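These notes concern the structure reproduced below.
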Amino acid sequence: STLHVGHAVASITQLVDLGVERTLIASGLECVIAQRLLRAVCPKCAHEVEPDPQVLRLLASTHEEIGMTTRGAGCDFCNQTGYHGRIGIFEALEPTDTFRELVVAGARESELSRVARQEGMRTLFEDAMTKVNQGKTSLEETLRVLGPRLSRGRHCPECREILEFSFNACPKCGCVVRHTCPGCGRDVEPTWKYCAGCGTPHENGHPGPNALVSSPCLRNSEAPRRKVERETDDGR
């Protein structure tokens, strides 16, 4: 049967929403395959290029991870599009006993994804990156079809744990994956010196000496921290 979901593990959530009992899903599900079509780079005008930094950021990747990529310059063969034909990318979920037990227990989708990855499932994005590295498609096409990775969660760069978008740090290894301004809560880039929302000073993505630390995690931390002060309107 066919379900309209974003990735293989999401089919579990969809089946539950449709009223299928978790015990039936766990015992009856044998395999789920998610698939997408990507335009293939034109073989006549393909050439190597440096990856676009903006595309890398939206795909939560780095130049070191990707390296040089392939792009079509456009020619008569591809009607000046840079692409000719299509290729498939796939994500196959084959439930194991551990996965089935989690389904019955009502585990969250992020936990199911983590276990599926640990037990060998390759995601659509990983399959797409393999084909990008093989020169079969482009980063821009991957972004067009799969969308920004930030909107679908991401992986910790240190331990590869699957993280929800709302996570600022990896709960497994503590690696900071998202910097936010302690003054207004807005996302900040690691290279920013000031928050674009409220002007709070930052040092390499962290609060500067004039920032107001308001996070309960920072207030309750046993780790040493710098005292920071900022004048408020009432002078306190």
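Labels for the structure tokens follow display order: chains A, B, ..., residues from 1 in each chain, ligands from 1.
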Residue contacts of stretch 16-27 of chain A (9 Å, only C-alpha atoms) excluding same-chain residues fewer than 3 positions away, as a list in words: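 Within the cut-off, the hits are Ser11, Ile12, Thr13, Glu30, Pro95, Asp97, Phe99, Arg100, Glu101, Leu102, Val103, Val104, Ala105 and Gly106 of chain A.
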Determine, counting only C-alpha atoms, which protein, DNA and RNA residues have an atom within 8 Å of an atom of stretch 82-85 of chain A; residues of the same chain fewer than 4 positions away are not included. Present the result as a compact mmCIF listing (two decimals) with N, CA and C atoms, in the first residue's frame.
```
# COMPACT_ATOMS: atom_id res chain seq x y z
N ARG A 39 16.51 14.92 -10.43
CA ARG A 39 17.02 15.12 -11.79
C ARG A 39 18.50 14.75 -11.85
N ALA A 40 18.88 14.05 -12.89
CA ALA A 40 20.27 13.63 -13.06
C ALA A 40 21.05 14.71 -13.79
N VAL A 41 22.29 14.92 -13.38
CA VAL A 41 23.15 15.90 -14.04
C VAL A 41 23.41 15.47 -15.48
N CYS A 42 23.33 16.42 -16.38
CA CYS A 42 23.55 16.13 -17.80
C CYS A 42 24.97 15.62 -18.03
N PRO A 43 25.11 14.45 -18.66
CA PRO A 43 26.46 13.90 -18.87
C PRO A 43 27.27 14.67 -19.91
N CYS A 45 27.41 18.10 -20.29
CA CYS A 45 27.96 19.39 -19.84
C CYS A 45 28.32 19.39 -18.36
N ALA A 46 28.42 18.20 -17.76
CA ALA A 46 28.75 18.11 -16.34
C ALA A 46 30.18 18.59 -16.08
N ARG A 71 27.92 19.70 -11.45
CA ARG A 71 26.78 20.50 -11.90
C ARG A 71 26.82 20.60 -13.42
N GLY A 72 25.65 20.66 -14.03
CA GLY A 72 25.57 20.82 -15.47
C GLY A 72 25.59 22.28 -15.85
N ALA A 73 26.43 22.64 -16.82
CA ALA A 73 26.51 24.05 -17.24
C ALA A 73 25.35 24.45 -18.14
N GLY A 74 24.72 23.46 -18.78
CA GLY A 74 23.66 23.73 -19.73
C GLY A 74 24.16 23.62 -21.15
N CYS A 75 23.47 22.85 -21.97
CA CYS A 75 23.88 22.65 -23.37
C CYS A 75 22.64 22.29 -24.19
N PHE A 77 21.96 19.47 -25.51
CA PHE A 77 21.50 18.12 -25.18
C PHE A 77 20.47 18.13 -24.04
N CYS A 78 20.68 19.03 -23.06
CA CYS A 78 19.77 19.10 -21.90
C CYS A 78 18.87 20.32 -21.96
```
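Nearest residue to A:Val32 among A:Val5, A:Gly67, A:Glu94, A:Asn79 is A:Glu94, counting only C-alpha atoms.
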I need the residue nearest A:Ala34 from this list: A:Thr180, A:Thr123, A:Thr137, A:Gln80. Use only C-alpha atoms for the distance.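 Of all the options, A:Thr123 lies closest to A:Ala34.
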Can you list, as a PyMOL selection string, every residue of stretch 103-164 of chain A that DSSP puts in strand (DSSP E)? chain A and resi 154-155+162-163
As a tab-separated table (two decimals) with C-alpha atoms, in the first residue's frame, which residues of stretch 36-67 of chain A does DSSP assign to helix (DSSP H, G or I)?
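Below is the file selection00.tsv, written as the result:
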```tsv
chain	number	residue	atom	x	y	z
A	53	PRO	CA	27.94	27.71	1.05
A	54	GLN	CA	24.27	28.67	1.35
A	55	VAL	CA	23.15	25.27	0.06
A	56	LEU	CA	25.58	23.54	2.42
A	57	ARG	CA	24.13	25.48	5.35
A	58	LEU	CA	20.56	24.56	4.45
A	63	HIS	CA	32.67	21.51	2.50
A	64	GLU	CA	34.87	18.93	4.24
A	65	GLU	CA	32.03	16.40	4.23
A	66	ILE	CA	30.96	16.99	0.62
```
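In this model, the gap between atom CA of A:Ile87 and atom CA of A:Lys136 comes to 8.0 Å.
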Residue with smallest distance to A:Ser138 - pool A:Thr191, A:Thr70, A:Phe125, A:Thr2, counting only C-alpha atoms: A:Thr70
What is the distance, in Å and to one decimal place, between atom CA of A:Leu3 and atom CA of A:Phe167?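 These two atoms are separated by 28.2 Å.
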Looking at only C-alpha atoms, which of A:His7, A:Ser61, A:Cys156, A:Lys131 is the one that sits closest to A:Cys170?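 Checking each candidate against A:Cys170, we get A:Cys156 as the closest.
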In Å, how far is it from atom CA of A:Cys175 to atom CA of A:Glu158?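 Between atom CA of A:Cys175 and atom CA of A:Glu158 the gap is 6.8 Å.
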Can you work out which one of A:Ala8, A:Val145, A:Leu15, A:Cys184 has the shortest atom-to-atom distance to A:Arg36, counting only C-alpha atoms? A:Val145
